[in-house]
$ cat upload22.tsv   # TSV, C-alpha atoms
chain	number	residue	atom	x	y	z
A	1	ARG	CA	26.92	277.85	56.07
A	2	SER	CA	26.65	280.74	58.47
A	3	CYS	CA	29.75	279.84	60.51
A	4	ASP	CA	33.16	278.23	60.11
A	5	SER	CA	32.54	275.00	61.98
A	6	LEU	CA	31.91	271.45	60.92
A	7	PRO	CA	28.21	270.64	60.73
A	8	THR	CA	26.80	267.74	62.71
A	9	ALA	CA	25.93	264.61	60.74
A	10	ALA	CA	22.22	265.54	60.84
A	11	ASP	CA	22.92	269.11	59.71
A	12	ALA	CA	25.15	267.90	56.88
A	13	SER	CA	22.55	265.40	55.71
A	14	SER	CA	19.75	267.98	55.60
A	15	ASP	CA	22.10	270.51	53.96
A	16	HIS	CA	23.00	268.07	51.17
A	17	SER	CA	19.33	267.15	50.70
A	18	ALA	CA	18.36	270.82	50.48
A	19	ARG	CA	21.06	271.59	47.91
A	20	ILE	CA	20.07	268.58	45.81
A	21	ALA	CA	16.41	269.64	45.99
A	22	ILE	CA	17.27	273.16	44.81
A	23	ALA	CA	19.16	271.78	41.81
A	24	ALA	CA	16.42	269.23	41.01
A	25	ASP	CA	13.64	271.83	41.31
A	26	ALA	CA	15.56	274.11	38.93
A	27	GLY	CA	15.86	271.30	36.38
A	28	ALA	CA	19.67	271.47	36.56
A	29	ASP	CA	21.70	269.32	34.20
A	30	LEU	CA	24.75	269.54	36.47
A	31	LEU	CA	25.46	270.03	40.15
A	32	LEU	CA	28.89	271.42	41.01
A	33	SER	CA	29.65	271.38	44.73
A	34	LEU	CA	32.56	273.82	45.29
A	35	HIS	CA	34.71	273.66	48.41
A	36	SER	CA	37.67	275.42	49.98
A	37	ASP	CA	38.83	273.48	52.97
A	38	GLY	CA	40.42	274.73	56.15
A	39	PHE	CA	43.08	272.05	56.60
A	40	TYR	CA	46.75	272.89	56.53
A	41	PRO	CA	49.01	271.52	55.36
A	42	ARG	CA	47.01	269.77	52.70
A	43	PRO	CA	48.38	266.66	51.03
A	44	SER	CA	48.34	268.54	47.73
A	45	SER	CA	47.73	272.15	46.80
A	46	LYS	CA	46.22	271.00	43.52
A	47	SER	CA	42.53	271.29	42.83
A	48	THR	CA	40.78	267.93	42.88
A	49	VAL	CA	37.50	267.09	41.20
A	50	TYR	CA	35.63	264.08	42.58
A	51	TYR	CA	32.90	262.09	40.83
A	52	TYR	CA	30.76	259.26	42.18
A	53	ARG	CA	28.90	257.90	39.17
A	54	GLU	CA	30.87	256.58	36.22
A	55	GLU	CA	28.98	258.83	33.79
A	56	ALA	CA	30.28	261.89	35.67
A	57	GLU	CA	33.95	260.92	35.24
A	58	SER	CA	34.33	262.72	31.90
A	59	LEU	CA	32.79	265.87	33.42
A	60	ALA	CA	35.26	265.62	36.32
A	61	ARG	CA	38.16	265.17	33.88
A	62	CYS	CA	37.13	268.22	31.79
A	63	LEU	CA	36.81	270.37	34.92
A	64	ALA	CA	40.11	269.16	36.38
A	65	ILE	CA	41.98	269.91	33.16
A	66	SER	CA	40.46	273.38	32.81
A	67	LEU	CA	41.16	274.18	36.48
A	68	GLY	CA	44.74	272.99	36.00
A	69	ASP	CA	45.15	275.16	32.91
A	70	GLU	CA	43.61	278.29	34.43
A	71	LEU	CA	45.18	277.95	37.88
A	72	LEU	CA	48.55	276.74	36.53
A	73	SER	CA	48.35	273.44	38.37
A	74	PRO	CA	50.70	271.03	36.59
A	75	ASP	CA	48.84	267.76	37.15
A	76	PRO	CA	45.07	268.17	37.35
A	77	ILE	CA	43.42	265.53	39.49
A	78	HIS	CA	40.05	263.85	39.12
A	79	ARG	CA	39.12	260.80	41.10
A	80	PHE	CA	36.30	258.79	42.61
A	81	GLY	CA	34.77	260.17	45.79
A	82	SER	CA	31.77	259.12	47.85
A	83	PHE	CA	30.43	262.43	49.13
A	84	PRO	CA	26.66	262.36	49.85
A	85	ILE	CA	25.82	265.32	47.61
A	86	ILE	CA	27.33	263.69	44.54
A	87	ARG	CA	26.20	260.19	45.53
A	88	TYR	CA	22.50	261.09	45.85
A	89	ALA	CA	22.04	263.85	43.26
A	90	PRO	CA	19.87	262.67	40.36
A	91	MET	CA	21.79	264.79	37.84
A	92	LEU	CA	25.47	264.64	36.89
A	93	SER	CA	27.38	265.95	39.86
A	94	VAL	CA	30.92	266.54	41.04
A	95	TRP	CA	32.60	267.73	44.22
A	96	ILE	CA	35.39	270.25	43.59
A	97	ASP	CA	38.09	271.06	46.14
A	98	ILE	CA	39.51	274.37	44.91
A	99	GLY	CA	42.02	275.17	47.66
A	100	SER	CA	42.62	275.72	51.35
A	101	LEU	CA	41.72	278.82	53.33
A	102	ALA	CA	44.32	277.75	55.90
A	103	ASP	CA	47.14	278.48	53.44
A	104	PRO	CA	47.69	282.27	53.33
A	105	GLU	CA	48.57	282.33	49.62
A	106	GLU	CA	45.61	280.19	48.65
A	107	GLU	CA	43.29	282.22	50.90
A	108	LEU	CA	44.39	285.43	49.20
A	109	PHE	CA	43.75	283.89	45.78
A	110	LEU	CA	40.40	282.35	46.76
A	111	THR	CA	39.08	285.56	48.30
A	112	SER	CA	40.30	287.90	45.57
A	113	ARG	CA	38.10	289.07	42.70
A	114	ASP	CA	40.77	287.92	40.24
A	115	GLY	CA	40.99	284.48	41.85
A	116	ARG	CA	37.22	283.98	41.78
A	117	ALA	CA	37.12	285.15	38.14
A	118	LYS	CA	39.83	282.63	37.20
A	119	ILE	CA	37.98	279.83	38.99
A	120	ALA	CA	34.70	280.77	37.27
A	121	ALA	CA	36.43	280.93	33.87
A	122	ALA	CA	37.98	277.50	34.42
A	123	LEU	CA	34.63	275.99	35.42
A	124	TYR	CA	32.98	277.58	32.38
A	125	GLN	CA	35.69	276.17	30.09
A	126	GLY	CA	35.38	272.71	31.63
A	127	ILE	CA	31.60	272.68	31.27
A	128	THR	CA	31.67	273.88	27.66
A	129	GLN	CA	34.35	271.29	26.85
A	130	PHE	CA	32.21	268.58	28.45
A	131	PHE	CA	29.15	269.60	26.42
A	132	ARG	CA	31.33	270.33	23.36
A	133	VAL	CA	29.70	273.73	22.95
$ encode --input "upload22.tsv" --output "structure tokens"
Amino acid sequence: RSCDSLPTAADASSDHSARIAIAADAGADLLLSLHSDGFYPRPSSKSTVYYYREEAESLARCLAISLGDELLSPDPIHRFGSFPIIRYAPMLSVWIDIGSLADPEEELFLTSRDGRAKIAAALYQGITQFFRV
């Protein structure tokens, strides 16, 4: 998005459709929708990976575990979620809440080069574990 405001329902719907179309046109095997929310305090500072379709649950579990390991989160969380982008994507898809920009410590981590590298490494590890590469 180009601003830090909640999109309208129509904007959100077209945004999700556009992102799904990009992934489908690219022939993607996976769609990872990464998010850092702006709510504070959050119910949990842990990363949470959401899946919609049952066949995506093992992907969500692999990603949650690798995020927990890399980000030192003691109890990685994966659970069902009904977000439009993961509900309507034709490929395996998950929604990943990484952290909150409203928490100063999390914001510093999320915006740092080291933090982004750790997140990318965790996602890579989770994907390779899922595909058993």
$ residues_around --input "upload22.tsv" --residues "Ser93 of chain A" --least-positions-apart "5" --cutoff "10 Å" --atoms "all atoms listed in the file" --output "list in words"
Ile20, Asp29, Leu30, Leu31, Leu32, Ser33, Tyr50, Tyr51, Tyr52, Arg53, Glu55, Ala56, Glu57, Leu59, Ala60, Ile85, Ile86, Arg87 and Tyr88 of chain A
$ atom_distance --input "upload22.tsv" --atom1 "atom CA of Glu106 of chain A" --atom2 "atom CA of Ser36 of chain A"
9.4 Å
$ axis_aligned_box --input "upload22.tsv" --around "segment 118-123 of chain A" --padding-each-side "3 Å" --output "AutoDock Vina command-line options"
--center_x 37.2 --center_y 279.3 --center_z 36.4 --size_x 11.2 --size_y 12.6 --size_z 11.1
$ atom_distance --input "upload22.tsv" --atom1 "atom CA of Asp15 of chain A" --atom2 "atom CA of Tyr124 of chain A"
25.2 Å
$ atom_distance --input "upload22.tsv" --atom1 "atom CA of Ala117 of chain A" --atom2 "atom CA of Ala28 of chain A"
22.2 Å
$ closest_residue --input "upload22.tsv" --among "A:Ala26, A:Cys62, A:Ile119, A:Leu34" --to "Phe131 of chain A" --atoms "only C-alpha atoms"
A:Cys62
$ closest_residue --input "upload22.tsv" --among "A:Ile98, A:Ala18, A:Leu108, A:Ala23" --to "Leu71 of chain A" --atoms "all atoms listed in the file"
A:Ile98
$ residues_around --input "upload22.tsv" --residues "Ser47 of chain A" --least-positions-apart "2" --cutoff "9 Å" --atoms "all atoms listed in the file" --output "number ranges by chain"
A: 44-45, 49, 64, 67-68, 71, 73, 76-78, 96-99
$ closest_residue --input "upload22.tsv" --among "A:Ser58, A:Ser82, A:Ser100, A:Thr128" --to "His35 of chain A" --atoms "all atoms listed in the file"
A:Ser100
$ residues_around --input "upload22.tsv" --residues "Lys118 of chain A" --least-positions-apart "2" --cutoff "12 Å" --atoms "all atoms listed in the file" --output "list in words"
Ser66, Leu67, Gly68, Asp69, Glu70, Leu71, Leu72, Ile98, Phe109, Leu110, Thr111, Ser112, Arg113, Asp114, Gly115, Arg116, Ala120, Ala121, Ala122, Leu123, Tyr124 and Gln125 of chain A
